[in-house]
>>> print(open('my_file-v1.txt').read())   # compact mmCIF, C-alpha atoms
# COMPACT_ATOMS: atom_id res chain seq x y z
CA MET A 20 -54.59 43.49 -11.62
CA LYS A 21 -53.89 42.50 -8.00
CA LYS A 22 -53.32 38.91 -9.13
CA ILE A 23 -50.72 40.02 -11.65
CA VAL A 24 -48.92 42.09 -9.02
CA LEU A 25 -48.91 39.19 -6.59
CA LEU A 26 -47.60 36.83 -9.31
CA VAL A 27 -44.74 39.19 -10.20
CA THR A 28 -43.91 39.67 -6.52
CA GLY A 29 -43.83 35.93 -6.01
CA LEU A 30 -41.50 35.46 -8.96
CA LEU A 31 -39.17 38.13 -7.56
CA PHE A 32 -39.04 36.38 -4.20
CA LEU A 33 -38.42 33.06 -5.97
CA SER A 34 -35.56 34.57 -7.99
CA ALA A 35 -34.11 36.09 -4.84
CA GLY A 36 -34.30 32.69 -3.12
CA VAL A 37 -32.51 30.96 -6.01
CA ALA A 38 -29.80 33.63 -6.10
CA ALA A 39 -29.28 33.14 -2.37
CA TYR A 40 -27.88 29.65 -2.87
CA GLN A 41 -24.11 29.44 -2.61
CA VAL A 42 -21.45 26.87 -3.46
CA ASN A 43 -17.83 27.33 -2.35
CA ILE A 44 -15.21 24.77 -3.34
CA ASP A 45 -11.60 24.26 -2.36
CA ALA A 46 -8.75 22.28 -3.99
CA PRO A 47 -4.93 22.28 -3.85
CA GLY A 48 -3.21 24.80 -6.08
CA SER A 49 -0.51 22.27 -6.98
CA LEU A 50 -0.52 18.48 -7.02
CA THR A 51 1.83 15.73 -8.19
CA VAL A 52 0.55 13.47 -10.94
CA GLY A 53 -0.66 10.19 -9.48
CA LYS A 54 -1.97 11.61 -6.21
CA PRO A 55 -5.75 11.86 -5.70
CA LEU A 56 -7.21 15.29 -6.35
CA VAL A 57 -9.59 15.99 -3.46
CA VAL A 58 -12.18 18.73 -4.00
CA THR A 59 -14.23 19.79 -0.99
CA GLY A 60 -17.04 22.28 -0.76
CA THR A 61 -19.77 23.87 1.30
CA THR A 62 -23.17 24.96 0.12
CA THR A 63 -26.53 26.31 1.20
CA PHE A 64 -28.34 23.71 -0.90
CA GLY A 65 -30.47 21.23 0.99
CA VAL A 66 -29.20 17.91 2.33
CA GLY A 67 -29.10 15.24 -0.37
CA THR A 68 -28.98 17.69 -3.28
CA PRO A 69 -26.89 16.27 -6.16
CA ILE A 70 -24.00 18.48 -7.27
CA ASP A 71 -21.85 18.06 -10.37
CA VAL A 72 -18.11 18.55 -9.88
CA VAL A 73 -16.26 18.70 -13.22
CA LEU A 74 -12.51 18.42 -13.90
CA TYR A 75 -11.19 20.17 -17.01
CA TYR A 76 -7.82 20.16 -18.71
CA GLN A 77 -6.86 23.65 -19.80
CA LEU A 78 -4.59 24.12 -22.79
CA THR A 79 -5.95 26.67 -25.24
CA THR A 80 -9.49 25.64 -24.39
CA SER A 81 -11.06 23.72 -21.51
CA THR A 82 -11.61 20.02 -22.14
CA GLU A 83 -13.74 18.00 -19.74
CA ILE A 84 -11.77 15.07 -18.27
CA GLN A 85 -14.00 13.66 -15.54
CA ARG A 86 -17.32 14.46 -13.94
CA LYS A 87 -18.43 13.39 -10.45
CA VAL A 88 -21.93 13.60 -9.02
CA VAL A 89 -21.79 14.08 -5.24
CA TYR A 90 -24.48 14.77 -2.67
CA VAL A 91 -24.78 17.38 0.02
CA GLN A 92 -24.19 15.89 3.47
CA SER A 93 -26.00 16.71 6.71
CA ASP A 94 -23.39 19.34 7.59
CA LYS A 95 -23.91 21.04 4.18
CA THR A 96 -20.56 19.84 2.82
CA PHE A 97 -19.63 17.67 -0.16
CA LYS A 98 -16.46 16.04 -1.52
CA ALA A 99 -15.28 14.71 -4.86
CA VAL A 100 -12.07 12.73 -5.47
CA PHE A 101 -10.40 12.47 -8.89
CA ASP A 102 -7.71 9.91 -9.74
CA THR A 103 -4.86 11.66 -11.56
CA THR A 104 -2.88 8.53 -12.41
CA GLY A 105 -1.58 8.80 -15.96
CA PHE A 106 -2.53 12.46 -16.37
CA ASP A 107 -0.29 14.84 -18.28
CA LYS A 108 1.32 17.57 -16.26
CA GLY A 109 -0.16 21.01 -16.84
CA THR A 110 -3.03 23.27 -15.85
CA TYR A 111 -6.38 21.84 -14.78
CA LYS A 112 -9.59 23.35 -13.46
CA VAL A 113 -12.35 22.01 -11.20
CA GLU A 114 -15.76 23.61 -11.32
CA VAL A 115 -19.29 23.26 -10.05
CA PRO A 116 -21.23 24.46 -13.10
CA ALA A 117 -24.41 26.13 -11.89
CA ASN A 118 -26.28 29.35 -12.50
CA GLY A 119 -27.52 31.85 -9.97
CA LEU A 120 -24.87 31.18 -7.33
CA GLY A 121 -24.20 34.83 -6.60
CA ASP A 122 -20.75 35.44 -5.12
CA SER A 123 -19.93 31.73 -4.83
CA VAL A 124 -16.43 30.39 -5.45
CA ASN A 125 -17.25 27.52 -7.77
CA THR A 126 -13.97 27.28 -9.75
CA ARG A 127 -10.41 26.36 -8.77
CA VAL A 128 -7.25 26.08 -10.90
CA ILE A 129 -4.74 23.29 -10.20
CA GLN A 130 -1.23 22.74 -11.53
CA LEU A 131 -0.36 19.06 -11.95
CA VAL A 132 3.39 18.42 -11.77
CA ASP A 133 5.25 15.22 -12.62
CA ARG A 134 8.27 14.32 -10.44
CA ASP A 135 8.36 10.62 -11.24
CA ASP A 136 11.56 10.96 -13.26
CA THR A 137 13.45 12.12 -10.15
CA ILE A 138 13.43 8.55 -8.75
CA PHE A 139 16.12 6.05 -9.72
CA LEU A 140 15.59 2.60 -8.20
CA ALA A 141 18.83 0.61 -7.99
CA SER A 142 17.38 -2.45 -6.23
CA PRO A 143 15.85 -5.19 -8.44
CA VAL A 144 12.14 -4.94 -9.20
CA SER A 145 11.91 -8.76 -9.02
CA GLN A 146 13.15 -10.40 -5.82
CA ASN A 147 12.99 -13.84 -4.21
CA PHE A 148 11.06 -14.14 -0.97
CA THR A 149 13.34 -13.95 2.07
CA GLY A 150 11.00 -12.10 4.43
CA ILE A 151 12.58 -8.76 3.45
CA ILE A 152 12.18 -6.43 0.45
CA TYR A 153 15.40 -4.63 -0.35
CA ILE A 154 14.78 -1.05 -1.54
CA ALA A 155 17.66 1.16 -2.65
CA GLY A 156 17.95 4.06 -5.02
CA THR A 157 18.50 7.77 -5.55
CA ILE A 158 16.17 10.77 -5.24
CA LYS A 159 17.32 13.82 -7.18
CA GLY A 160 17.06 16.99 -5.12
CA ASP A 161 16.93 15.19 -1.77
CA GLU A 162 20.66 15.19 -1.03
CA ASN A 163 21.44 15.05 2.72
CA SER A 164 17.73 15.15 3.44
CA GLY A 165 15.33 12.24 3.51
CA VAL A 166 12.52 10.52 1.72
CA GLN A 167 9.30 9.09 3.14
CA ILE A 168 8.53 5.52 2.08
CA GLU A 169 5.20 3.68 2.15
CA VAL A 170 4.64 0.10 0.99
CA THR A 171 1.25 -1.44 0.18
CA ASP A 172 0.45 -5.00 -0.83
CA SER A 173 -1.60 -6.15 -3.84
CA ASP A 174 -4.82 -5.56 -1.87
CA GLY A 175 -3.86 -1.94 -1.18
CA LEU A 176 -3.20 -2.57 2.50
CA LEU A 177 -0.43 -0.50 4.09
CA ILE A 178 2.28 -2.85 5.42
CA PHE A 179 5.11 -0.36 5.97
CA GLY A 180 5.40 3.33 6.83
CA PRO A 181 5.02 6.09 6.26
CA GLN A 182 8.62 6.19 7.47
CA TYR A 183 11.42 8.61 6.66
CA VAL A 184 14.70 7.17 5.37
CA ASN A 185 17.85 9.28 5.33
CA THR A 186 19.54 10.21 2.05
CA ASP A 187 23.26 10.86 1.74
CA SER A 188 25.17 13.61 -0.08
CA THR A 189 24.24 12.12 -3.46
CA GLY A 190 20.59 11.45 -2.61
CA ASP A 191 21.09 7.70 -2.15
CA PHE A 192 18.92 5.74 0.27
CA VAL A 193 18.54 2.15 1.49
CA ALA A 194 15.64 0.46 3.30
CA ASP A 195 14.73 -3.11 4.30
CA VAL A 196 10.98 -3.72 4.46
CA PRO A 197 9.66 -6.89 6.16
CA VAL A 198 6.98 -8.82 4.26
CA PHE A 199 5.08 -12.02 5.06
CA GLY A 200 4.76 -13.56 1.65
CA PRO A 201 5.26 -13.28 -2.11
CA GLY A 202 3.26 -10.86 -4.22
CA ASN A 203 3.35 -7.44 -5.84
CA TYR A 204 4.21 -4.52 -3.57
CA GLU A 205 3.80 -0.83 -4.45
CA VAL A 206 6.41 1.50 -2.96
CA SER A 207 5.48 5.20 -2.71
CA PHE A 208 8.00 8.01 -2.25
CA THR A 209 7.24 11.43 -0.72
CA ASP A 210 9.53 14.25 0.36
CA ALA A 211 9.17 17.76 1.79
CA GLN A 212 7.88 19.00 -1.57
CA GLY A 213 5.14 16.40 -1.73
CA PHE A 214 4.46 13.14 -3.53
CA ILE A 215 7.20 11.99 -5.93
CA GLY A 216 6.03 8.72 -7.44
CA THR A 217 5.69 4.96 -7.05
CA ARG A 218 7.58 1.84 -8.03
CA MET A 219 6.37 -1.76 -8.14
CA ILE A 220 8.41 -4.64 -6.70
CA SER A 221 7.45 -8.25 -7.38
CA VAL A 222 8.37 -10.93 -4.82
CA ALA A 223 8.33 -14.61 -5.77
CA GLY A 224 8.75 -17.74 -3.67
CA GLN A 225 6.98 -19.78 -1.02
CA PRO A 226 5.46 -18.00 1.99
CA GLY A 227 6.68 -19.01 5.42
CA ILE A 228 9.93 -20.60 4.20
CA THR A 229 13.18 -18.75 4.77
CA PRO A 230 16.70 -19.84 3.79
CA VAL A 231 17.34 -20.91 7.43
CA ALA A 232 14.27 -23.13 7.40
CA LEU A 233 15.35 -24.67 4.10
CA GLN A 234 18.78 -25.44 5.57
CA MET A 235 17.24 -27.09 8.62
CA THR A 236 14.98 -29.30 6.54
CA ALA A 237 18.01 -30.47 4.57
CA LEU A 238 19.83 -31.82 7.66
CA PRO A 239 19.77 -35.67 8.03
CA VAL A 240 17.66 -37.05 10.84
CA ASN A 241 18.54 -40.39 12.56
CA SER A 242 15.80 -42.28 14.27
CA THR A 243 15.41 -45.81 15.66
CA HIS A 244 11.62 -45.60 15.55
CA SER A 245 9.74 -47.37 12.84
CA ALA A 246 7.14 -45.69 10.73
CA PRO A 247 3.54 -46.43 11.82
CA ASP A 248 2.96 -48.89 8.99
CA GLU A 249 6.36 -50.55 9.20
CA SER A 250 7.24 -53.65 11.25
CA PRO A 251 10.17 -53.56 13.68
CA ALA A 252 11.99 -56.03 11.46
CA ALA A 253 12.19 -53.32 8.78
CA VAL A 254 14.76 -51.47 10.91
CA PRO A 255 18.22 -52.95 10.28
CA THR A 256 20.22 -54.06 13.29
CA GLN A 257 23.54 -52.22 13.59
CA THR A 258 26.44 -54.25 15.08
CA SER A 259 29.73 -52.98 16.33
CA SER A 260 32.84 -53.69 14.25
CA VAL A 261 34.83 -54.36 17.49
CA PHE A 262 32.56 -56.38 19.77
CA PRO A 263 30.14 -59.05 18.68
CA ALA A 264 26.48 -58.55 19.39
CA VAL A 265 25.67 -59.83 22.92
CA SER A 266 22.16 -60.35 24.27
CA VAL A 267 21.02 -59.06 27.65
CA GLU A 268 20.42 -62.64 28.89
CA ALA A 269 24.01 -63.64 28.12
CA VAL A 270 25.39 -60.69 30.03
CA CYS A 271 23.26 -61.52 33.09
CA LEU A 272 24.38 -65.20 33.01
CA ALA A 273 28.04 -64.21 32.81
CA VAL A 274 27.70 -61.90 35.81
CA ALA A 275 25.98 -64.65 37.86
CA LEU A 276 28.67 -67.25 37.07
CA ALA A 277 31.42 -64.80 38.03
CA GLY A 278 29.75 -64.27 41.42
CA ILE A 279 29.53 -68.03 42.07
CA ARG A 280 33.21 -68.46 41.30
CA LYS A 281 34.19 -65.80 43.82
CA ILE A 282 32.14 -67.48 46.56
CA HIS A 283 33.91 -70.80 45.98
>>> encode(input="my_file-v1.txt", output="C-alpha cells")
Amino acid sequence: MKKIVLLVTGLLFLSAGVAAYQVNIDAPGSLTVGKPLVVTGTTTFGVGTPIDVVLYYQLTTSTEIQRKVVYVQSDKTFKAVFDTTGFDKGTYKVEVPANGLGDSVNTRVIQLVDRDDTIFLASPVSQNFTGIIYIAGTIKGDENSGVQIEVTDSDGLLIFGPQYVNTDSTGDFVADVPVFGPGNYEVSFTDAQGFIGTRMISVAGQPGITPVALQMTALPVNSTHSAPDESPAAVPTQTSSVFPAVSVEAVCLAVALAGIRKIH
C-alpha cells in the first residue's frame, strides 16, 4: 500500500514538473511580404532542447506553411526565421505546439501586407557599366517625404546604404549608386511604414573601364622607340620638306671651316 502511495505521489510531482515548463514567443504583428519573419522566444526547457516553431496560413482553417526546429541556447532563448518571399498577403500564425505549458504564450498572429505595387521604377533595369547605377522612380504615399535605399550585389553583400533619398511633391526620387563592376544588383526600398519591396538592376560591361579610359586608349601615340623585337632600321626616317637631311659630322665641318676663314 505504501508503495502505491509513493508511486502516485511521484507521478503527481512529475506532472507538476512538466506543467512548470513554459514557452513564450514573440513576433511582429504586421510585416511586409518579402521581409524575414523573425520569431524569438524564451523557455524554461533545458539548454539544447529542440523546439518546433510552426508557421500557419489562416484562411478558414490553419494550413501549415513551414516548420523550423530550433534549439534552446545557454541563455534559455531560441529564434526561428521564416522567409516570406512570394507569400500571399493575409493572416498568418506562428506557434510552438506543445502540451503542458501552463500559462505560456506559444501563439502569435501576424498580418502580412504587400506594398510592392507602390513602387514605380523609371530608370532602366538593364544598364551599361559606367561605375554608377542610376536609380529613379516614384513611391506612392511618400510625397515630400523620403525613401530609404539599400543595394546588395549578387553575393548578398551590402554595397550602398541604408541611405534616405528625398522624394518630391509627386513621390519622385533619384539616386546615383557607385558600383565597381558589372553584375546583378538588388535595390531595396523602405519608408517610415516599413519595407516596401525590391527591384533588380542588371549591369553589363567590362569592369575597370570607364568611358574616359576608353577615350584615352583611343588617342594616337607617337614614339621613336622601336619595339623590343624590331631593328632600328624598321623605324622610317622622317625628313623635312624644307631642308635636306644633314648629318652631325657635316654641321661640325662647316662650323670649323667658317672659323678658319675668319682667322685668315
>>> closest_residue(input="my_file-v1.txt", among="A:Ile129, A:Ile152, A:Ile215, A:Ile168", to="Pro201 in chain A", atoms="all atoms listed in the file")
A:Ile152
>>> residues_around(input="my_file-v1.txt", residues="Thr104 in chain A", least_positions_apart="3", cutoff="12 Å", atoms="all atoms listed in the file", output="list of chain:residue names")
A:Leu50, A:Thr51, A:Val52, A:Gly53, A:Lys54, A:Pro55, A:Leu56, A:Phe101, A:Asp107, A:Lys108, A:Leu131, A:Val132, A:Asp133, A:Asp135, A:Gly216, A:Thr217
>>> residues_around(input="my_file-v1.txt", residues="range 69-86 of chain A", least_positions_apart="5", cutoff="9 Å", atoms="all atoms listed in the file", output="NGL selection string")
:A and (58 or 91 or 97-99 or 101 or 109-117)
>>> closest_residue(input="my_file-v1.txt", among="A:Thr63, A:Asn43, A:Phe106, A:Phe179", to="Gln130 in chain A", atoms="all atoms listed in the file")
A:Phe106
>>> atom_distance(input="my_file-v1.txt", atom1="CA of Ala211 in chain A", atom2="CA of Pro197 in chain A")
25.0 Å
>>> residues_around(input="my_file-v1.txt", residues="Asn147 in chain A", least_positions_apart="6", cutoff="10 Å", atoms="all atoms listed in the file", output="PyMOL selection string")
chain A and resi 201+221-225
>>> atom_distance(input="my_file-v1.txt", atom1="CA of Ser93 in chain A", atom2="CA of Val42 in chain A")
15.1 Å
>>> decode(input="my_file-v1.txt", residues="range 33-106 of chain A", atoms="C-alpha atoms", output="mmCIF file, in the first residue's frame")
data_model
loop_
_atom_site.group_PDB
_atom_site.id
_atom_site.type_symbol
_atom_site.label_atom_id
_atom_site.label_comp_id
_atom_site.auth_asym_id
_atom_site.auth_seq_id
_atom_site.Cartn_x
_atom_site.Cartn_y
_atom_site.Cartn_z
ATOM 1 C CA LEU A 33 6.372 14.555 -12.245
ATOM 2 C CA SER A 34 3.178 16.048 -13.692
ATOM 3 C CA ALA A 35 3.733 19.226 -11.702
ATOM 4 C CA GLY A 36 7.297 19.430 -13.044
ATOM 5 C CA VAL A 37 6.127 19.010 -16.651
ATOM 6 C CA ALA A 38 3.408 21.637 -16.210
ATOM 7 C CA ALA A 39 6.023 24.025 -14.836
ATOM 8 C CA TYR A 40 7.759 24.298 -18.200
ATOM 9 C CA GLN A 41 6.995 27.492 -20.076
ATOM 10 C CA VAL A 42 7.495 28.763 -23.618
ATOM 11 C CA ASN A 43 6.846 32.417 -24.521
ATOM 12 C CA ILE A 44 7.258 33.577 -28.108
ATOM 13 C CA ASP A 45 7.217 36.984 -29.740
ATOM 14 C CA ALA A 46 6.736 38.087 -33.377
ATOM 15 C CA PRO A 47 5.736 41.285 -35.205
ATOM 16 C CA GLY A 48 2.014 41.901 -35.504
ATOM 17 C CA SER A 49 2.442 43.185 -39.069
ATOM 18 C CA LEU A 50 5.088 42.503 -41.690
ATOM 19 C CA THR A 51 5.593 43.323 -45.368
ATOM 20 C CA VAL A 52 5.767 40.373 -47.738
ATOM 21 C CA GLY A 53 9.381 39.630 -48.620
ATOM 22 C CA LYS A 54 10.870 40.592 -45.267
ATOM 23 C CA PRO A 55 12.118 37.822 -42.948
ATOM 24 C CA LEU A 56 9.700 36.851 -40.200
ATOM 25 C CA VAL A 57 11.755 36.606 -37.010
ATOM 26 C CA VAL A 58 10.219 34.660 -34.124
ATOM 27 C CA THR A 59 12.012 34.813 -30.781
ATOM 28 C CA GLY A 60 11.211 33.065 -27.549
ATOM 29 C CA THR A 61 12.210 32.239 -24.011
ATOM 30 C CA THR A 62 11.654 28.990 -22.189
ATOM 31 C CA THR A 63 12.367 27.066 -19.018
ATOM 32 C CA PHE A 64 13.361 23.989 -21.010
ATOM 33 C CA GLY A 65 16.944 22.857 -20.666
ATOM 34 C CA VAL A 66 19.787 24.068 -22.873
ATOM 35 C CA GLY A 67 19.895 22.204 -26.185
ATOM 36 C CA THR A 68 16.247 21.126 -26.095
ATOM 37 C CA PRO A 69 14.776 21.020 -29.634
ATOM 38 C CA ILE A 70 11.672 23.152 -30.130
ATOM 39 C CA ASP A 71 9.335 23.140 -33.132
ATOM 40 C CA VAL A 72 8.236 26.550 -34.395
ATOM 41 C CA VAL A 73 5.437 26.263 -36.985
ATOM 42 C CA LEU A 74 4.117 28.907 -39.392
ATOM 43 C CA TYR A 75 0.483 28.581 -40.489
ATOM 44 C CA TYR A 76 -1.577 30.409 -43.068
ATOM 45 C CA GLN A 77 -5.021 31.192 -41.728
ATOM 46 C CA LEU A 78 -7.942 31.488 -44.113
ATOM 47 C CA THR A 79 -10.941 29.468 -42.968
ATOM 48 C CA THR A 80 -8.642 26.856 -41.470
ATOM 49 C CA SER A 81 -4.968 26.831 -40.492
ATOM 50 C CA THR A 82 -2.609 25.400 -43.093
ATOM 51 C CA GLU A 83 0.976 24.629 -42.159
ATOM 52 C CA ILE A 84 3.427 26.544 -44.379
ATOM 53 C CA GLN A 85 6.838 25.980 -42.798
ATOM 54 C CA ARG A 86 8.267 24.279 -39.752
ATOM 55 C CA LYS A 87 11.593 25.098 -38.093
ATOM 56 C CA VAL A 88 13.378 23.054 -35.450
ATOM 57 C CA VAL A 89 15.451 25.324 -33.193
ATOM 58 C CA TYR A 90 17.409 24.650 -30.028
ATOM 59 C CA VAL A 91 17.392 26.322 -26.657
ATOM 60 C CA GLN A 92 20.513 28.443 -26.152
ATOM 61 C CA SER A 93 22.555 28.881 -22.983
ATOM 62 C CA ASP A 94 20.525 31.954 -22.004
ATOM 63 C CA LYS A 95 17.262 29.945 -22.370
ATOM 64 C CA THR A 96 16.263 31.732 -25.589
ATOM 65 C CA PHE A 97 15.592 30.492 -29.117
ATOM 66 C CA LYS A 98 14.954 32.061 -32.526
ATOM 67 C CA ALA A 99 13.385 30.967 -35.805
ATOM 68 C CA VAL A 100 13.461 32.923 -39.082
ATOM 69 C CA PHE A 101 10.951 32.369 -41.898
ATOM 70 C CA ASP A 102 11.438 33.663 -45.445
ATOM 71 C CA THR A 103 8.201 35.301 -46.617
ATOM 72 C CA THR A 104 9.290 35.919 -50.207
ATOM 73 C CA GLY A 105 6.425 35.083 -52.541
ATOM 74 C CA PHE A 106 3.850 34.708 -49.764
#
